[in-house]
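*Asks:* The structure's right below; bear with me while I get my questions together.
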Amino acid sequence: MNRCLLQGLIASLLLFSALFAAADADLDKLKTFDATAASRASALKSGEKVASFCANCHGSDGNSRIGEVPNLAGQHPAYLLTQIRKFANGQRKNEFMEGLVKALSEDEKLKIVYYFSNAVPMPAGGKGNIARGQEVFRQNCAMCHGPEARGAETFPRLAGQQSDYLRISLERYRTRSGERIFAPMSAVVGSLKPEDVDAVVAYLSNLR
């Protein structure tokens, strides 16, 4: 990774640090759901019920049945909370999602996050040059998304993600169309050849 790209990554992380700091209180609330087996079961049941609003697109278990809609199963709760906030304040653009998020109570948002973050992710699968994709990922993506593409608080899980969704998202970053805004991602994707994008998408969609 070149020096300018690294500097851009650091600057963007600092910019978004306030969002993640704001999520700390909610993460503490999520931890209370794990206090006992009964509280965990209750929270998961409530989350599944609220998540029925999401099931038509994201799947009842968080594994999407629609290629251009992302899997939510197994995502880090801090990341999911941050994306909900971005839809709510317009930092992330999707008319349907923006309206849905604004209609949910804070408790409902937390229950949805808890339910999906505890769901078991299943690889979407896809064809392509997986070996080349693994090489491209390790060289360009693993630093942020993790060696196995399972993400973290600040970066999404990409392992097993829908290939159409991955390709659409990468194109949005490359063209800076406004739906997804993160300068380091735009810089990385802009440096990739189309065949490398196809390869990394195939690699990621087949990961567990």
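Residues are named by chain letter and number: chains run A, B, ... in the order of the structure tokens, numbers start at 1 in each chain, and ligands are numbered from 1 in the order shown.
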What lies within 12 Å of Gly59 in chain A using only C-alpha atoms, ignoring chain neighbours under 3 positions off, as a ChimeraX atom specification?

*Replies:* /A:48,51-56,62-67,69-73,116,119-122

*Asks:* Filtering to N, CA, C and O atoms, could you give me those residues as a tab-separated table (two decimals), in the first residue's frame?

*Replies:*
```
chain	number	residue	atom	x	y	z
A	48	GLU	N	-35.40	-11.67	15.85
A	48	GLU	CA	-35.93	-12.39	14.69
A	48	GLU	C	-37.29	-11.83	14.29
A	48	GLU	O	-37.59	-11.69	13.09
A	51	ALA	N	-36.75	-8.45	12.74
A	51	ALA	CA	-36.03	-8.62	11.48
A	51	ALA	C	-36.90	-9.16	10.36
A	51	ALA	O	-36.45	-9.26	9.21
A	52	SER	N	-38.15	-9.50	10.68
A	52	SER	CA	-39.06	-9.94	9.62
A	52	SER	C	-39.26	-8.85	8.59
A	52	SER	O	-39.58	-9.12	7.42
A	53	PHE	N	-39.05	-7.57	9.00
A	53	PHE	CA	-39.10	-6.46	8.05
A	53	PHE	C	-37.97	-6.55	7.04
A	53	PHE	O	-38.07	-6.00	5.95
A	54	CYS	N	-36.90	-7.23	7.41
A	54	CYS	CA	-35.69	-7.29	6.58
A	54	CYS	C	-35.62	-8.57	5.75
A	54	CYS	O	-34.82	-8.66	4.81
A	55	ALA	N	-36.43	-9.57	6.13
A	55	ALA	CA	-36.28	-10.91	5.59
A	55	ALA	C	-36.50	-11.00	4.08
A	55	ALA	O	-35.82	-11.77	3.40
A	56	ASN	N	-37.43	-10.22	3.55
A	56	ASN	CA	-37.72	-10.31	2.12
A	56	ASN	C	-36.50	-9.99	1.26
A	56	ASN	O	-36.36	-10.52	0.16
A	62	GLY	N	-30.44	-13.79	7.62
A	62	GLY	CA	-29.37	-12.85	7.30
A	62	GLY	C	-28.55	-13.23	6.10
A	62	GLY	O	-27.60	-12.52	5.73
A	63	ASN	N	-28.88	-14.34	5.46
A	63	ASN	CA	-28.20	-14.75	4.24
A	63	ASN	C	-29.13	-14.46	3.06
A	63	ASN	O	-30.16	-15.12	2.89
A	64	SER	N	-28.78	-13.44	2.31
A	64	SER	CA	-29.65	-12.93	1.26
A	64	SER	C	-29.93	-13.96	0.18
A	64	SER	O	-29.07	-14.77	-0.17
A	65	ARG	N	-31.14	-13.89	-0.35
A	65	ARG	CA	-31.51	-14.72	-1.50
A	65	ARG	C	-31.46	-13.91	-2.79
A	65	ARG	O	-31.79	-14.40	-3.85
A	66	ILE	N	-31.08	-12.63	-2.67
A	66	ILE	CA	-31.05	-11.72	-3.83
A	66	ILE	C	-29.62	-11.27	-4.05
A	66	ILE	O	-28.97	-10.75	-3.13
A	67	GLY	N	-29.12	-11.45	-5.26
A	67	GLY	CA	-27.71	-11.21	-5.54
A	67	GLY	C	-27.18	-9.83	-5.20
A	67	GLY	O	-26.06	-9.68	-4.72
A	69	VAL	N	-28.35	-7.79	-2.95
A	69	VAL	CA	-28.62	-7.44	-1.55
A	69	VAL	C	-27.61	-8.15	-0.65
A	69	VAL	O	-27.43	-9.37	-0.77
A	70	PRO	N	-26.98	-7.44	0.27
A	70	PRO	CA	-25.91	-8.06	1.05
A	70	PRO	C	-26.39	-9.03	2.12
A	70	PRO	O	-27.48	-8.89	2.67
A	71	ASN	N	-25.54	-10.02	2.42
A	71	ASN	CA	-25.73	-10.85	3.60
A	71	ASN	C	-25.42	-10.01	4.84
A	71	ASN	O	-24.49	-9.21	4.84
A	72	LEU	N	-26.19	-10.20	5.88
A	72	LEU	CA	-25.95	-9.53	7.16
A	72	LEU	C	-25.49	-10.52	8.23
A	72	LEU	O	-24.97	-10.11	9.27
A	73	ALA	N	-25.68	-11.80	7.99
A	73	ALA	CA	-25.33	-12.82	8.97
A	73	ALA	C	-23.85	-12.78	9.31
A	73	ALA	O	-23.00	-12.75	8.42
A	116	PHE	N	-28.87	-10.52	13.73
A	116	PHE	CA	-28.09	-10.79	12.53
A	116	PHE	C	-26.61	-11.05	12.83
A	116	PHE	O	-25.98	-11.89	12.18
A	119	ALA	N	-26.27	-14.61	13.68
A	119	ALA	CA	-26.70	-15.58	12.68
A	119	ALA	C	-25.48	-16.21	12.00
A	119	ALA	O	-24.40	-15.62	11.93
A	120	VAL	N	-25.64	-17.41	11.49
A	120	VAL	CA	-24.54	-18.15	10.87
A	120	VAL	C	-24.43	-17.78	9.39
A	120	VAL	O	-25.37	-18.01	8.63
A	121	PRO	N	-23.29	-17.21	8.97
A	121	PRO	CA	-23.13	-16.83	7.56
A	121	PRO	C	-22.89	-18.05	6.68
A	121	PRO	O	-22.20	-18.99	7.08
A	122	MET	N	-23.48	-18.03	5.51
A	122	MET	CA	-23.30	-19.09	4.53
A	122	MET	C	-22.71	-18.50	3.25
A	122	MET	O	-23.17	-17.45	2.78
```

*Asks:* Quick one: residues within 9 Å of Leu207 in chain A, only C-alpha atoms, excluding same-chain residues fewer than 5 positions away - as an mmCIF file with all heavy atoms, in the first residue's frame?

*Replies:*
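Output (part_31.cif):
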```cif
data_model
loop_
_atom_site.group_PDB
_atom_site.id
_atom_site.type_symbol
_atom_site.label_atom_id
_atom_site.label_comp_id
_atom_site.auth_asym_id
_atom_site.auth_seq_id
_atom_site.Cartn_x
_atom_site.Cartn_y
_atom_site.Cartn_z
ATOM 1 N N MET A 122 -23.476 -18.025 5.508
ATOM 2 C CA MET A 122 -23.300 -19.091 4.532
ATOM 3 C C MET A 122 -22.708 -18.502 3.254
ATOM 4 O O MET A 122 -23.172 -17.453 2.784
ATOM 5 C CB MET A 122 -24.637 -19.752 4.216
ATOM 6 C CG MET A 122 -25.318 -20.372 5.426
ATOM 7 S SD MET A 122 -24.383 -21.750 6.113
ATOM 8 C CE MET A 122 -24.543 -22.949 4.791
ATOM 9 N N PRO A 123 -21.679 -19.128 2.672
ATOM 10 C CA PRO A 123 -21.071 -18.575 1.454
ATOM 11 C C PRO A 123 -22.053 -18.534 0.297
ATOM 12 O O PRO A 123 -22.764 -19.508 0.033
ATOM 13 C CB PRO A 123 -19.907 -19.525 1.178
ATOM 14 C CG PRO A 123 -20.256 -20.798 1.876
ATOM 15 C CD PRO A 123 -21.042 -20.390 3.084
ATOM 16 N N ALA A 124 -22.100 -17.393 -0.380
ATOM 17 C CA ALA A 124 -23.011 -17.243 -1.517
ATOM 18 C C ALA A 124 -22.535 -18.055 -2.709
ATOM 19 O O ALA A 124 -23.329 -18.598 -3.471
ATOM 20 C CB ALA A 124 -23.123 -15.768 -1.899
ATOM 21 N N GLY A 125 -21.215 -18.141 -2.880
ATOM 22 C CA GLY A 125 -20.654 -18.902 -3.988
ATOM 23 C C GLY A 125 -20.643 -18.113 -5.286
ATOM 24 O O GLY A 125 -21.406 -17.164 -5.466
ATOM 25 N N GLU A 148 -8.817 -13.383 6.627
ATOM 26 C CA GLU A 148 -9.859 -14.302 6.172
ATOM 27 C C GLU A 148 -11.125 -13.563 5.761
ATOM 28 O O GLU A 148 -12.185 -14.161 5.618
ATOM 29 C CB GLU A 148 -10.170 -15.319 7.272
ATOM 30 C CG GLU A 148 -8.973 -16.195 7.616
ATOM 31 C CD GLU A 148 -9.270 -17.176 8.724
ATOM 32 O OE1 GLU A 148 -10.086 -16.840 9.615
ATOM 33 O OE2 GLU A 148 -8.703 -18.269 8.696
ATOM 34 N N ALA A 149 -11.012 -12.238 5.600
ATOM 35 C CA ALA A 149 -12.114 -11.376 5.133
ATOM 36 C C ALA A 149 -13.313 -11.386 6.063
ATOM 37 O O ALA A 149 -14.447 -11.192 5.626
ATOM 38 C CB ALA A 149 -12.543 -11.777 3.714
ATOM 39 N N LEU A 158 -16.545 -9.673 4.515
ATOM 40 C CA LEU A 158 -16.744 -9.883 3.086
ATOM 41 C C LEU A 158 -16.811 -11.365 2.741
ATOM 42 O O LEU A 158 -17.274 -11.720 1.654
ATOM 43 C CB LEU A 158 -15.608 -9.231 2.286
ATOM 44 C CG LEU A 158 -15.418 -7.725 2.477
ATOM 45 C CD1 LEU A 158 -14.252 -7.232 1.631
ATOM 46 C CD2 LEU A 158 -16.687 -6.956 2.134
ATOM 47 N N ALA A 159 -16.361 -12.211 3.639
ATOM 48 C CA ALA A 159 -16.346 -13.649 3.394
ATOM 49 C C ALA A 159 -17.761 -14.168 3.152
ATOM 50 O O ALA A 159 -18.656 -13.963 3.964
ATOM 51 C CB ALA A 159 -15.725 -14.373 4.584
ATOM 52 N N GLY A 160 -17.954 -14.814 2.008
ATOM 53 C CA GLY A 160 -19.240 -15.401 1.672
ATOM 54 C C GLY A 160 -20.277 -14.432 1.161
ATOM 55 O O GLY A 160 -21.433 -14.813 0.925
ATOM 56 N N GLN A 161 -19.881 -13.174 0.963
ATOM 57 C CA GLN A 161 -20.837 -12.145 0.561
ATOM 58 C C GLN A 161 -21.360 -12.386 -0.859
ATOM 59 O O GLN A 161 -20.728 -13.067 -1.668
ATOM 60 C CB GLN A 161 -20.171 -10.763 0.639
ATOM 61 C CG GLN A 161 -21.085 -9.576 0.464
ATOM 62 C CD GLN A 161 -22.249 -9.567 1.431
ATOM 63 O OE1 GLN A 161 -23.306 -10.119 1.116
ATOM 64 N NE2 GLN A 161 -22.051 -8.956 2.601
#
```

*Asks:* Which residue out of A:Ala78, A:Val50, A:Ile181, A:Val188 has the minimum interatomic distance to Leu100 in chain A when only C-alpha atoms are used?

*Replies:*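 Ranked by minimum distance to Leu100 in chain A, first place goes to A:Val50.
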
*Asks:* Go through A:Leu30, A:Ala202, A:Cys144, A:Ala38 and flag the residue nearest Ser163 in chain A, using only C-alpha atoms for the distances.

*Replies:*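 The shortest atom-to-atom distance to Ser163 in chain A comes from A:Ala202.
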
*Asks:* When you look at Leu170 in chain A with a cut-off of 10 Å (counting only C-alpha atoms), what residues show up, excluding the ones that are within fewer than 3 positions of it in the same chain? I need them as a ChimeraX atom specification.

*Replies:* /A:164-167,173-176,180,185-186,188-190,197,201
